[in-house]
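Below is the file final13.cif, which contains mmCIF, C-alpha atoms.
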```cif
data_structure
#
loop_
_atom_site.label_atom_id
_atom_site.label_comp_id
_atom_site.auth_asym_id
_atom_site.auth_seq_id
_atom_site.Cartn_x
_atom_site.Cartn_y
_atom_site.Cartn_z
CA MET W 919 44.67 15.86 39.91
CA PRO W 920 43.28 14.70 36.53
CA GLU W 921 43.89 11.15 35.40
CA LYS W 922 46.71 10.31 33.01
CA TYR W 923 46.32 9.39 29.36
CA THR W 924 48.64 8.75 26.42
CA LEU W 925 49.71 11.69 24.32
CA GLU W 926 51.88 11.68 21.24
CA ILE W 927 53.26 14.74 19.53
CA ILE W 928 54.64 13.94 16.11
CA THR W 929 56.29 16.25 13.60
CA PRO W 930 57.62 15.28 10.18
CA GLU W 931 61.14 15.59 11.51
CA ARG W 932 60.87 13.75 14.80
CA ILE W 933 58.69 12.32 17.52
CA PHE W 934 58.63 15.25 19.89
CA PHE W 935 56.83 13.63 22.78
CA ARG W 936 55.34 10.28 23.60
CA GLY W 937 54.11 9.47 27.07
CA GLU W 938 51.56 9.93 29.79
CA VAL W 939 50.17 13.36 30.54
CA GLN W 940 47.35 14.63 32.70
CA SER W 941 46.39 17.47 30.49
CA VAL W 942 47.48 19.36 27.42
CA ILE W 943 46.54 22.91 26.50
CA ILE W 944 46.66 23.64 22.79
CA PRO W 945 46.22 26.90 20.90
CA THR W 946 43.29 26.68 18.46
CA SER W 947 41.86 29.26 16.13
CA ASP W 948 39.36 30.41 18.77
CA GLY W 949 41.47 30.27 21.88
CA TYR W 950 43.18 27.72 24.06
CA MET W 951 41.67 24.29 24.56
CA SER W 952 42.50 21.83 27.27
CA ILE W 953 42.29 18.10 26.63
CA GLN W 954 42.03 15.68 29.51
CA LYS W 955 41.26 11.99 29.84
CA MET W 956 37.91 10.80 28.49
CA HIS W 957 37.62 13.70 26.11
CA GLU W 958 35.15 12.90 23.35
CA PRO W 959 36.64 11.87 19.96
CA MET W 960 37.50 15.05 18.13
CA VAL W 961 39.61 16.57 15.41
CA ALA W 962 40.72 20.14 15.97
CA THR W 963 43.09 22.50 14.28
CA ILE W 964 46.09 23.95 16.01
CA VAL W 965 47.41 27.39 15.24
CA VAL W 966 50.86 28.83 15.82
CA GLY W 967 51.29 29.42 19.52
CA ASP W 968 52.44 28.03 22.81
CA MET W 969 51.33 24.66 24.10
CA LYS W 970 51.40 23.36 27.66
CA LEU W 971 51.71 19.79 28.86
CA GLN W 972 51.01 18.65 32.39
CA ILE W 973 53.33 15.78 33.19
CA ASP W 974 53.14 14.38 36.75
CA GLY W 975 51.52 17.57 37.91
CA GLU W 976 54.24 19.79 36.46
CA TRP W 977 53.46 22.14 33.61
CA LYS W 978 55.87 22.28 30.73
CA GLN W 979 55.67 24.75 27.94
CA CYS W 980 56.63 24.42 24.29
CA THR W 981 55.93 26.20 21.04
CA THR W 982 54.01 24.77 18.14
CA THR W 983 53.28 25.78 14.58
CA ASP W 984 50.12 24.98 12.68
CA GLY W 985 48.85 21.44 12.80
CA PHE W 986 45.98 19.34 14.02
CA VAL W 987 45.06 17.09 16.90
CA GLU W 988 43.18 13.84 16.81
CA VAL W 989 41.55 12.83 20.07
CA ARG W 990 40.71 9.14 20.27
CA PRO W 991 39.37 7.15 23.18
CA ASP W 992 42.69 5.38 23.60
CA GLU W 993 45.10 8.21 22.94
CA THR W 994 45.56 11.72 21.64
CA ILE W 995 47.88 12.49 18.77
CA ILE W 996 49.11 15.94 17.85
CA PHE W 997 50.50 16.42 14.36
CA SER W 998 52.36 19.64 13.87
CA GLN W 999 54.98 20.99 11.50
CA ALA W 1000 57.40 21.87 14.28
CA VAL W 1001 57.28 21.69 18.05
CA GLU W 1002 60.10 22.94 20.26
CA TRP W 1003 60.98 23.16 23.92
CA PRO W 1004 61.97 26.68 24.95
CA GLU W 1005 65.59 25.63 25.47
CA GLU W 1006 65.80 24.40 21.88
CA ILE W 1007 64.76 27.70 20.40
CA ASP W 1008 67.47 29.60 18.63
CA LEU W 1009 66.57 33.15 19.59
CA ARG W 1010 68.85 34.71 17.05
CA ARG W 1011 67.38 32.68 14.23
CA ALA W 1012 63.88 33.54 15.37
CA GLN W 1013 64.83 37.22 15.49
CA GLU W 1014 66.18 37.01 11.95
CA ALA W 1015 63.05 35.22 10.78
CA ARG W 1016 60.95 37.92 12.36
CA GLU W 1017 62.87 40.69 10.62
CA ARG W 1018 62.70 38.84 7.32
CA ALA W 1019 58.95 38.31 7.61
CA GLU W 1020 58.37 41.94 8.56
CA GLU W 1021 60.45 43.09 5.62
CA GLN W 1022 58.46 40.83 3.29
CA LEU W 1023 55.20 42.14 4.68
CA ARG W 1024 56.25 45.73 3.98
CA GLN W 1025 56.66 44.93 0.32
CA LYS W 1026 53.48 44.65 -1.65
CA LYS W 1027 52.93 41.03 -2.46
CA SER W 1028 50.08 38.83 -3.58
CA HIS W 1029 47.45 37.78 -1.09
CA GLN W 1030 48.83 34.29 -0.78
CA GLU W 1031 52.35 35.48 -0.08
CA TYR W 1032 50.94 37.92 2.43
CA MET W 1033 49.24 35.09 4.29
CA GLN W 1034 52.38 32.98 4.24
CA ASN W 1035 54.44 35.82 5.62
CA GLN W 1036 51.87 36.44 8.32
CA ILE W 1037 52.24 32.83 9.41
CA ALA W 1038 56.03 33.06 9.27
CA LEU W 1039 55.90 36.19 11.42
CA ALA W 1040 53.58 34.53 13.92
CA ARG W 1041 55.95 31.57 14.16
CA ALA W 1042 58.91 33.83 14.83
CA MET W 1043 57.02 35.87 17.41
CA VAL W 1044 55.86 32.87 19.43
CA ARG W 1045 59.36 31.41 19.40
CA LEU W 1046 60.78 34.66 20.66
CA ARG W 1047 58.13 35.03 23.33
CA VAL W 1048 58.37 31.52 24.72
CA GLY W 1049 62.11 31.24 24.23
CA ARG W 1050 62.82 34.46 26.12
CA ARG W 1051 60.39 34.02 28.94
CA ASN W 1052 60.86 30.62 30.34
CA ARG W 1053 63.06 27.67 30.23
CA ASN W 1054 61.78 24.38 31.59
CA LEU W 1055 64.19 23.62 34.38
CA GLU W 1056 65.12 19.99 34.56
CA MET F 997 97.99 -8.21 -28.97
CA PRO F 998 97.97 -4.59 -27.70
CA SER F 999 101.33 -2.94 -27.13
CA ILE F 1000 102.81 -2.27 -23.71
CA GLY F 1001 102.17 1.43 -24.12
CA ASP F 1002 98.49 0.89 -24.88
CA ILE F 1003 98.01 -1.32 -21.86
CA LYS F 1004 99.81 1.13 -19.63
CA HIS F 1005 97.59 3.90 -20.91
CA SER F 1006 94.37 2.02 -20.20
CA ILE F 1007 95.57 1.02 -16.74
CA ARG F 1008 96.19 4.66 -15.96
CA SER F 1009 92.81 5.81 -17.21
CA ILE F 1010 90.96 3.05 -15.34
CA THR F 1011 92.86 3.95 -12.18
CA ASP F 1012 91.69 7.54 -12.57
CA THR F 1013 88.09 6.42 -13.03
CA GLU F 1014 88.38 4.13 -10.05
CA GLN F 1015 89.53 7.03 -7.92
CA ILE F 1016 86.46 8.99 -8.92
CA THR F 1017 84.01 6.15 -8.32
CA ARG F 1018 85.66 5.39 -5.00
CA ALA F 1019 85.27 9.01 -3.93
CA MET F 1020 81.66 9.05 -5.07
CA HIS F 1021 81.05 5.84 -3.17
CA LEU F 1022 82.38 7.40 0.02
CA ILE F 1023 80.34 10.56 -0.48
CA SER F 1024 77.16 8.58 -1.11
CA THR F 1025 77.80 6.43 1.93
CA SER F 1026 77.94 9.43 4.22
CA LYS F 1027 74.99 11.11 2.51
CA MET F 1028 73.06 7.88 2.71
CA LYS F 1029 73.61 7.68 6.44
CA LYS F 1030 72.28 11.19 6.85
CA ALA F 1031 69.35 10.43 4.58
CA ILE F 1032 68.51 7.28 6.50
CA ASN F 1033 68.55 9.22 9.76
CA LYS F 1034 66.11 11.67 8.27
CA TYR F 1035 63.98 8.81 7.05
CA GLU F 1036 63.99 7.13 10.46
CA SER F 1037 62.77 10.28 12.15
CA ASN F 1038 60.16 10.87 9.48
CA HIS F 1039 58.65 7.49 8.88
CA VAL F 1040 56.65 7.41 12.12
CA HIS F 1041 54.97 10.63 11.11
CA PHE F 1042 54.50 9.38 7.56
CA GLU F 1043 52.64 6.30 8.73
CA ARG F 1044 50.81 7.78 11.68
CA VAL F 1045 49.45 10.73 9.75
CA GLN F 1046 47.98 8.37 7.17
CA SER F 1047 46.43 6.10 9.74
CA ALA F 1048 45.07 9.14 11.60
CA LEU F 1049 43.43 10.35 8.43
CA LYS F 1050 41.98 6.92 7.81
CA ASP F 1051 40.66 6.89 11.33
CA ILE F 1052 39.11 10.30 10.86
CA PHE F 1053 37.40 9.16 7.69
CA ALA F 1054 36.16 6.01 9.36
CA HIS F 1055 34.36 8.09 11.97
CA THR F 1056 32.98 10.77 9.73
CA SER F 1057 29.83 10.37 7.73
CA GLU F 1058 29.50 13.06 5.07
CA VAL F 1059 31.75 16.04 4.62
CA ASP F 1060 31.41 18.43 1.76
CA HIS F 1061 34.79 19.86 1.02
CA PRO F 1062 36.72 20.48 -2.21
CA TYR F 1063 39.65 18.40 -0.93
CA ILE F 1064 37.49 15.40 -0.16
CA GLY F 1065 35.61 12.90 -2.26
CA GLU F 1066 36.17 11.24 -5.61
CA SER F 1067 37.03 13.41 -8.57
CA GLU F 1068 34.87 13.25 -11.68
CA ASN F 1069 36.95 14.84 -14.40
CA GLY F 1070 40.19 13.09 -15.17
CA ARG F 1071 42.62 15.98 -15.17
CA ALA F 1072 45.44 14.60 -13.11
CA ALA F 1073 48.70 16.15 -11.97
CA PHE F 1074 51.72 13.96 -11.46
CA ILE F 1075 54.66 15.00 -9.35
CA THR F 1076 57.65 12.85 -10.18
CA ILE F 1077 60.57 12.80 -7.82
CA ALA F 1078 63.91 11.76 -9.33
CA ALA F 1079 67.53 12.70 -8.79
CA ASP F 1080 69.43 15.72 -10.00
CA LYS F 1081 72.27 13.59 -11.27
CA GLY F 1082 72.72 10.23 -12.89
CA LEU F 1083 75.28 7.61 -11.95
CA CYS F 1084 73.00 5.91 -9.50
CA GLY F 1085 72.27 2.62 -11.16
CA GLY F 1086 68.68 1.97 -12.10
CA TYR F 1087 67.22 4.50 -9.68
CA ASN F 1088 66.22 7.25 -12.11
CA HIS F 1089 65.30 4.86 -14.84
CA ARG F 1090 62.97 2.83 -12.63
CA ILE F 1091 61.07 5.72 -11.12
CA LEU F 1092 60.75 7.59 -14.42
CA GLU F 1093 59.53 4.61 -16.37
CA PHE F 1094 57.11 3.82 -13.60
CA ALA F 1095 55.84 7.41 -13.56
CA GLU F 1096 55.38 7.45 -17.31
CA LYS F 1097 53.46 4.20 -17.19
CA SER F 1098 51.26 5.42 -14.34
CA MET F 1099 50.31 8.59 -16.11
CA ALA F 1100 49.62 6.91 -19.43
CA ALA F 1101 46.05 6.16 -18.36
CA SER F 1102 44.92 9.73 -17.85
CA GLU F 1103 44.22 11.76 -20.93
CA GLU F 1104 44.75 15.25 -19.66
CA LYS F 1105 47.71 15.51 -17.38
CA TYR F 1106 50.02 17.96 -15.78
CA ILE F 1107 53.61 17.06 -15.20
CA LEU F 1108 55.46 18.44 -12.23
CA THR F 1109 59.04 17.40 -11.76
CA VAL F 1110 61.52 17.33 -8.94
CA GLY F 1111 65.09 16.75 -10.05
CA GLN F 1112 66.98 17.45 -13.27
CA GLU F 1113 66.78 13.88 -14.46
CA ALA F 1114 62.99 13.86 -14.31
CA ARG F 1115 62.82 17.03 -16.35
CA ALA F 1116 65.31 15.77 -18.92
CA TYR F 1117 63.49 12.45 -19.28
CA PHE F 1118 60.08 13.95 -19.95
CA GLU F 1119 61.47 16.61 -22.24
CA ARG F 1120 63.24 13.97 -24.28
CA ARG F 1121 59.98 12.14 -24.70
CA GLY F 1122 58.17 15.21 -25.88
CA TYR F 1123 56.01 15.91 -22.85
CA MET F 1124 55.24 19.43 -21.75
CA ILE F 1125 56.50 20.10 -18.27
CA ASP F 1126 54.17 22.36 -16.37
CA VAL F 1127 56.03 23.01 -13.16
CA GLU F 1128 59.61 22.27 -12.30
CA PHE F 1129 60.80 22.39 -8.71
CA LEU F 1130 64.49 23.26 -8.65
CA HIS F 1131 67.08 22.47 -5.99
CA VAL F 1132 64.65 20.28 -4.09
CA SER F 1133 65.90 16.82 -4.91
CA GLN F 1134 69.24 17.32 -3.15
CA ASN F 1135 67.75 19.09 -0.19
CA PRO F 1136 64.58 17.49 1.15
CA SER F 1137 63.48 20.03 3.76
CA LEU F 1138 60.15 20.94 5.27
CA TYR F 1139 60.56 24.36 3.71
CA ASN F 1140 60.72 22.83 0.24
CA ALA F 1141 57.82 20.50 0.98
CA ARG F 1142 55.77 23.49 2.06
CA ASN F 1143 56.58 25.37 -1.14
CA ILE F 1144 55.60 22.40 -3.29
CA THR F 1145 52.37 22.00 -1.34
CA ASN F 1146 51.51 25.68 -1.70
CA ASP F 1147 52.05 25.51 -5.45
CA ILE F 1148 49.93 22.39 -5.84
CA LEU F 1149 47.13 23.71 -3.68
CA GLU F 1150 47.07 26.99 -5.58
CA LEU F 1151 46.62 25.13 -8.86
CA TYR F 1152 44.08 22.81 -7.30
CA ASP F 1153 42.11 25.62 -5.65
CA ASN F 1154 41.91 27.45 -8.96
CA GLY F 1155 40.26 24.37 -10.46
CA LEU F 1156 43.08 23.58 -12.88
CA MET F 1157 43.38 19.96 -11.85
CA ASP F 1158 41.14 17.33 -10.33
CA GLU F 1159 43.61 14.82 -8.97
CA VAL F 1160 47.15 15.03 -7.68
CA TYR F 1161 49.51 12.09 -7.52
CA VAL F 1162 53.10 11.83 -6.48
CA ALA F 1163 55.46 9.20 -7.89
CA TYR F 1164 58.36 8.56 -5.55
CA THR F 1165 60.72 5.77 -4.62
CA GLN F 1166 59.66 4.04 -1.46
CA PHE F 1167 62.54 3.23 0.82
CA HIS F 1168 62.39 -0.19 2.48
CA SER F 1169 66.02 -0.85 3.28
CA VAL F 1170 69.48 -0.15 1.95
CA LEU F 1171 69.02 -2.96 -0.55
CA LYS F 1172 65.35 -2.59 -1.38
CA GLN F 1173 63.64 0.44 -2.83
CA GLU F 1174 60.68 0.49 -5.12
CA PRO F 1175 58.77 3.11 -7.10
CA LYS F 1176 55.34 3.94 -5.78
CA LEU F 1177 52.42 6.14 -6.67
CA LEU F 1178 50.63 8.01 -3.91
CA LYS F 1179 47.41 9.93 -4.32
CA LEU F 1180 47.51 13.28 -2.57
CA LEU F 1181 44.24 14.86 -3.63
CA PRO F 1182 41.33 14.59 -3.38
CA LEU F 1183 41.19 12.57 -0.20
CA SER F 1184 38.82 9.70 0.18
CA SER F 1185 38.75 6.59 2.27
CA SER F 1186 39.92 4.57 -0.76
CA ASN F 1187 43.31 6.33 -0.47
CA PHE F 1188 43.99 4.47 2.71
CA ALA F 1189 42.97 0.99 1.69
CA ASP F 1190 46.35 -0.52 2.52
CA ILE F 1191 46.83 1.19 5.86
CA ASP F 1192 46.02 -0.52 9.12
CA VAL F 1193 44.21 1.21 11.89
CA GLU F 1194 44.06 -0.61 15.14
CA THR F 1195 41.35 1.30 16.97
CA GLN F 1196 37.91 -0.19 17.31
CA TYR F 1197 35.28 2.30 18.31
CA THR F 1198 32.24 3.60 16.53
CA ALA F 1199 31.70 7.09 17.89
CA GLU F 1200 31.34 9.95 15.47
CA MET F 1201 34.16 12.48 15.31
CA ASN F 1202 33.55 15.99 16.43
CA TYR F 1203 35.13 18.83 14.57
CA HIS F 1204 36.40 21.93 16.17
CA PRO F 1205 35.63 24.64 15.11
CA SER F 1206 33.80 23.14 12.08
CA PRO F 1207 34.44 20.35 9.58
CA LYS F 1208 35.21 22.85 6.82
CA GLU F 1209 37.73 24.81 8.85
CA VAL F 1210 39.34 21.65 10.14
CA PHE F 1211 39.84 20.22 6.67
CA ASP F 1212 40.98 23.60 5.35
CA ILE F 1213 43.95 23.34 7.67
CA LEU F 1214 44.29 19.60 8.12
CA VAL F 1215 44.59 18.69 4.44
CA PRO F 1216 47.46 21.07 3.58
CA GLN F 1217 49.24 19.93 6.76
CA TYR F 1218 48.77 16.35 5.78
CA ILE F 1219 50.08 17.00 2.28
CA VAL F 1220 53.16 18.86 3.52
CA GLY F 1221 53.92 15.88 5.72
CA LEU F 1222 53.48 13.40 2.89
CA VAL F 1223 55.45 15.43 0.36
CA TYR F 1224 58.27 15.78 2.85
CA GLY F 1225 58.15 12.03 3.50
CA CYS F 1226 58.27 11.28 -0.23
CA LEU F 1227 61.20 13.64 -0.73
CA VAL F 1228 63.09 12.10 2.15
CA GLN F 1229 62.45 8.54 1.01
CA SER F 1230 63.43 9.32 -2.57
CA TYR F 1231 66.58 11.02 -1.36
CA ALA F 1232 67.50 8.04 0.81
CA SER F 1233 66.77 5.64 -2.06
CA GLU F 1234 68.85 7.70 -4.46
CA HIS F 1235 71.88 7.60 -2.25
CA CYS F 1236 71.52 3.90 -1.53
CA ALA F 1237 71.28 3.25 -5.26
CA ARG F 1238 74.25 5.47 -5.97
CA MET F 1239 76.28 3.86 -3.25
CA ALA F 1240 75.58 0.39 -4.65
CA ALA F 1241 76.31 1.51 -8.21
CA MET F 1242 79.58 3.13 -7.26
CA GLU F 1243 80.62 0.14 -5.21
CA ASN F 1244 80.05 -2.06 -8.25
CA ALA F 1245 81.92 0.35 -10.47
CA THR F 1246 84.88 0.41 -8.10
CA ASN F 1247 84.94 -3.39 -7.94
CA ASN F 1248 84.76 -3.67 -11.70
CA ALA F 1249 87.57 -1.18 -12.08
CA GLU F 1250 89.69 -3.20 -9.67
CA ASP F 1251 89.01 -6.37 -11.65
CA MET F 1252 89.89 -4.66 -14.89
CA ILE F 1253 93.09 -3.25 -13.44
CA ASP F 1254 94.08 -6.73 -12.19
CA ASP F 1255 93.38 -8.16 -15.59
CA LEU F 1256 95.26 -5.46 -17.43
CA THR F 1257 98.19 -5.65 -15.03
CA LYS F 1258 98.50 -9.35 -15.81
CA LYS F 1259 98.39 -8.62 -19.52
CA TYR F 1260 100.92 -5.85 -19.07
CA ASN F 1261 103.31 -8.12 -17.18
CA ARG F 1262 102.90 -10.83 -19.77
CA ALA F 1263 103.58 -8.40 -22.61
CA ARG F 1264 106.60 -6.99 -20.81
CA GLN F 1265 107.93 -10.48 -20.10
CA SER F 1266 107.50 -11.57 -23.68
CA SER F 1267 109.32 -8.47 -24.93
CA ILE F 1268 112.18 -9.20 -22.54
CA THR F 1269 112.28 -12.81 -23.68
CA ASN F 1270 112.32 -11.56 -27.24
CA GLU F 1271 115.20 -9.22 -26.61
CA ILE F 1272 117.23 -11.93 -24.86
CA SER F 1273 116.68 -14.42 -27.63
CA GLU F 1274 117.67 -11.77 -30.14
CA ILE F 1275 120.91 -11.09 -28.24
CA ILE F 1276 121.65 -14.80 -27.93
CA GLY F 1277 120.87 -15.28 -31.59
CA ALA F 1278 123.21 -12.44 -32.50
CA LEU F 1279 125.96 -13.86 -30.27
CA GLU F 1280 125.62 -17.26 -31.89
CA THR F 1281 125.98 -15.85 -35.36
CA LEU F 1282 129.02 -13.80 -34.30
CA SER F 1283 130.85 -16.74 -32.74
#
```

Take the structure from the file and write it as structure tokens.
Amino acid sequence: MPEKYTLEIITPERIFFRGEVQSVIIPTSDGYMSIQKMHEPMVATIVVGDMKLQIDGEWKQCTTTDGFVEVRPDETIIFSQAVEWPEEIDLRRAQEARERAEEQLRQKKSHQEYMQNQIALARAMVRLRVGRRNRNLE
Amino acid sequence: MPSIGDIKHSIRSITDTEQITRAMHLISTSKMKKAINKYESNHVHFERVQSALKDIFAHTSEVDHPYIGESENGRAAFITIAADKGLCGGYNHRILEFAEKSMAASEEKYILTVGQEARAYFERRGYMIDVEFLHVSQNPSLYNARNITNDILELYDNGLMDEVYVAYTQFHSVLKQEPKLLKLLPLSSSNFADIDVETQYTAEMNYHPSPKEVFDILVPQYIVGLVYGCLVQSYASEHCARMAAMENATNNAEDMIDDLTKKYNRARQSSITNEISEIIGALETLS
């Protein structure tokens, strides 16, 4: 089993996680990336998707929106706009957000608005996917 | 000496005002508690994201990116965050005067305002307001912070401005808040001069996938976080200031009512004394 290191996940609205993990798998623009102890110092971007933490050998899943990760020798910090455990996801709200984003995408809008709606849609989709599929059982 | 009727009238009107200030005090107290909760959950992010950025800069040699470096032309944009309403003591006045002073140095400037009071202040002084963000001051949410960031970045990306600052009220405690200017763009290591970073290592940072793509995403994220933090802190400061102001107003009203009640009683007593002496006088002349 990989060695433990300190991981912090911070969003503007709360400290989502702070503690020891063995591994974290983050969604980046070119696929998933796993970070373990002794990873070289790095800054990477995180895209909307699902993230997995290995705590005491157990894998836990959560959703994340866009953000970035700073890997330092002493600890790893993930900054993201919003991170949620599956049990915190409000499926109905996510469904509404998805419908809203799809509706917005159907209308012809500027490029920038199009991109924003794409991101909003991606956020809603990942929430729905993770929220429906699994709940981390305590 | 004012008549009994006059005194009674002013007592009634001060009582009415006191009721209003007392209600506003209670409202601000509960809003302040909420705002402080928001601040508590945000301030870790606010500090950590700045120290992370400083750390990143410390371990990066040269990056060529429009968001990074020192700007050459002096076209600066100032976002000023004030309240939507007055009646909060010196809060609006302090931040607005501070913002005006800070922007005096730059010749060509854009003014972006959050809050009705900020707009009114700059309009009164004959400034042109370029962008006004409505309904944000009373509702500091990530959604609003994201909208503000998108607007700023659009202007910045189109080359309309070279520097972006935000003037907000930094929240220290319920009793202490102070106006502060924060530079959002462009980023350089001088932005983080007053931030401590505790790590001591000299390795060079790696960027995944590439420095450009990382900063393309990292900088807007960083700005959303900071703008949200500034909104939250300003909101908390506003409600603390309003709570203090309304508490003072209520106390003053109580003092005035006490004072007037004394005067009223004295006036009433003297009129009674007058009447009695008139009756006695009349009796004496009759007998």

Give me, as a PDB file with C-alpha atoms, in the frame of the given file, all polymer residues having an atom no more than 10 Å from stretch 1028-1036 of chain W, counting only C-alpha atoms and skipping those fewer than 6 positions away in the same chain.
```
ATOM      1  CA  ARG W1016      60.950  37.920  12.360  1.00  0.00           C
ATOM      2  CA  ARG W1018      62.700  38.840   7.320  1.00  0.00           C
ATOM      3  CA  ALA W1019      58.950  38.310   7.610  1.00  0.00           C
ATOM      4  CA  GLU W1020      58.370  41.940   8.560  1.00  0.00           C
ATOM      5  CA  GLU W1021      60.450  43.090   5.620  1.00  0.00           C
ATOM      6  CA  GLN W1022      58.460  40.830   3.290  1.00  0.00           C
ATOM      7  CA  ALA W1042      58.910  33.830  14.830  1.00  0.00           C
TER       8      ALA W1042
ATOM      9  CA  ASN F1146      51.510  25.680  -1.700  1.00  0.00           C
ATOM     10  CA  GLU F1150      47.070  26.990  -5.580  1.00  0.00           C
TER      11      GLU F1150
END
```

Take the PyMOL selection byres ((chain F) within 6 of (chain W)), run it mentally on this structure, and tell me the resulting residues as a VMD selection string.
chain F and resid 1037 to 1038 1041 1201 to 1204 1210 1221

Output C-alpha atoms of each residue in that selection to a file, as a short mmCIF file (atom, residue, chain, number, x, y, z; two decimals), in the frame of the given file.
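That gives us part03.cif:
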```cif
data_model
loop_
_atom_site.label_atom_id
_atom_site.label_comp_id
_atom_site.auth_asym_id
_atom_site.auth_seq_id
_atom_site.Cartn_x
_atom_site.Cartn_y
_atom_site.Cartn_z
CA SER F 1037 62.77 10.28 12.15
CA ASN F 1038 60.16 10.87 9.48
CA HIS F 1041 54.97 10.63 11.11
CA MET F 1201 34.16 12.48 15.31
CA ASN F 1202 33.55 15.99 16.43
CA TYR F 1203 35.13 18.83 14.57
CA HIS F 1204 36.40 21.93 16.17
CA VAL F 1210 39.34 21.65 10.14
CA GLY F 1221 53.92 15.88 5.72
#
```

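Minimum atom-to-atom distance to F:Asp1147, evaluated using all atoms listed in the file, belongs to F:Asp1126 out of F:Glu1119, F:Glu1274, F:Asp1126, F:Glu1014.
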
Find the spatial neighbours of W:Arg1011, counting only C-alpha atoms, within a cut-off of 12 Å - ignore same-chain residues fewer than 6 positions away - and output them as number ranges by chain.
W: 1017-1018, 1041-1043, 1045-1046, 1049

Result set, the PyMOL selection byres ((chain F and resi 1222) around 10) on current file, as a list in words:
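Applying the expression gives Pro930 of chain W; Asn1038, His1039, His1041, Phe1042, Glu1043, Val1045, Gln1046, Ala1141, Thr1145, Val1162, Leu1178, Leu1180, Pro1216, Gln1217, Tyr1218, Ile1219, Val1220, Gly1221, Val1223, Tyr1224, Gly1225, Cys1226, Leu1227 and Val1228 of chain F.
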
Just checking: using all atoms listed in the file, which residue out of W:Ala1015, W:Ile944, W:Val1048, W:Met956 ends up closest to W:Pro920?
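Nearest candidate to W:Pro920 out of W:Ala1015, W:Ile944, W:Val1048, W:Met956: W:Met956.
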
List as a PDB file with C-alpha atoms, in the frame of the given file the protein and nucleic acid residues near W:Gln954, meaning an atom at most 7 Å away when all atoms listed in the file are counted, but skip any in the same chain fewer than 6 places from it.
```pdb
ATOM      1  CA  GLN W 940      47.350  14.630  32.700  1.00  0.00           C
ATOM      2  CA  SER W 941      46.390  17.470  30.490  1.00  0.00           C
ATOM      3  CA  VAL W 942      47.480  19.360  27.420  1.00  0.00           C
TER       4      VAL W 942
END
```

Check what the PyMOL selection byres ((chain F and resi 1161) around 7) selects in the file above and give those residues as JSON, numbers by chain.
{"F": [1073, 1074, 1075, 1159, 1160, 1162, 1163, 1177, 1178, 1179, 1180]}

Counting all atoms listed in the file, closest pick from F:Glu1104, F:Arg1142, F:Glu1209, F:Lys1004 relative to W:Ala1038 is F:Arg1142

Write out as an NGL selection string each polymer residue whose atoms come within 8 Å of W:Val1001, counting all atoms listed in the file; drop sequence neighbours fewer than 6 positions from it.
:W and (929 or 934 or 980-983)
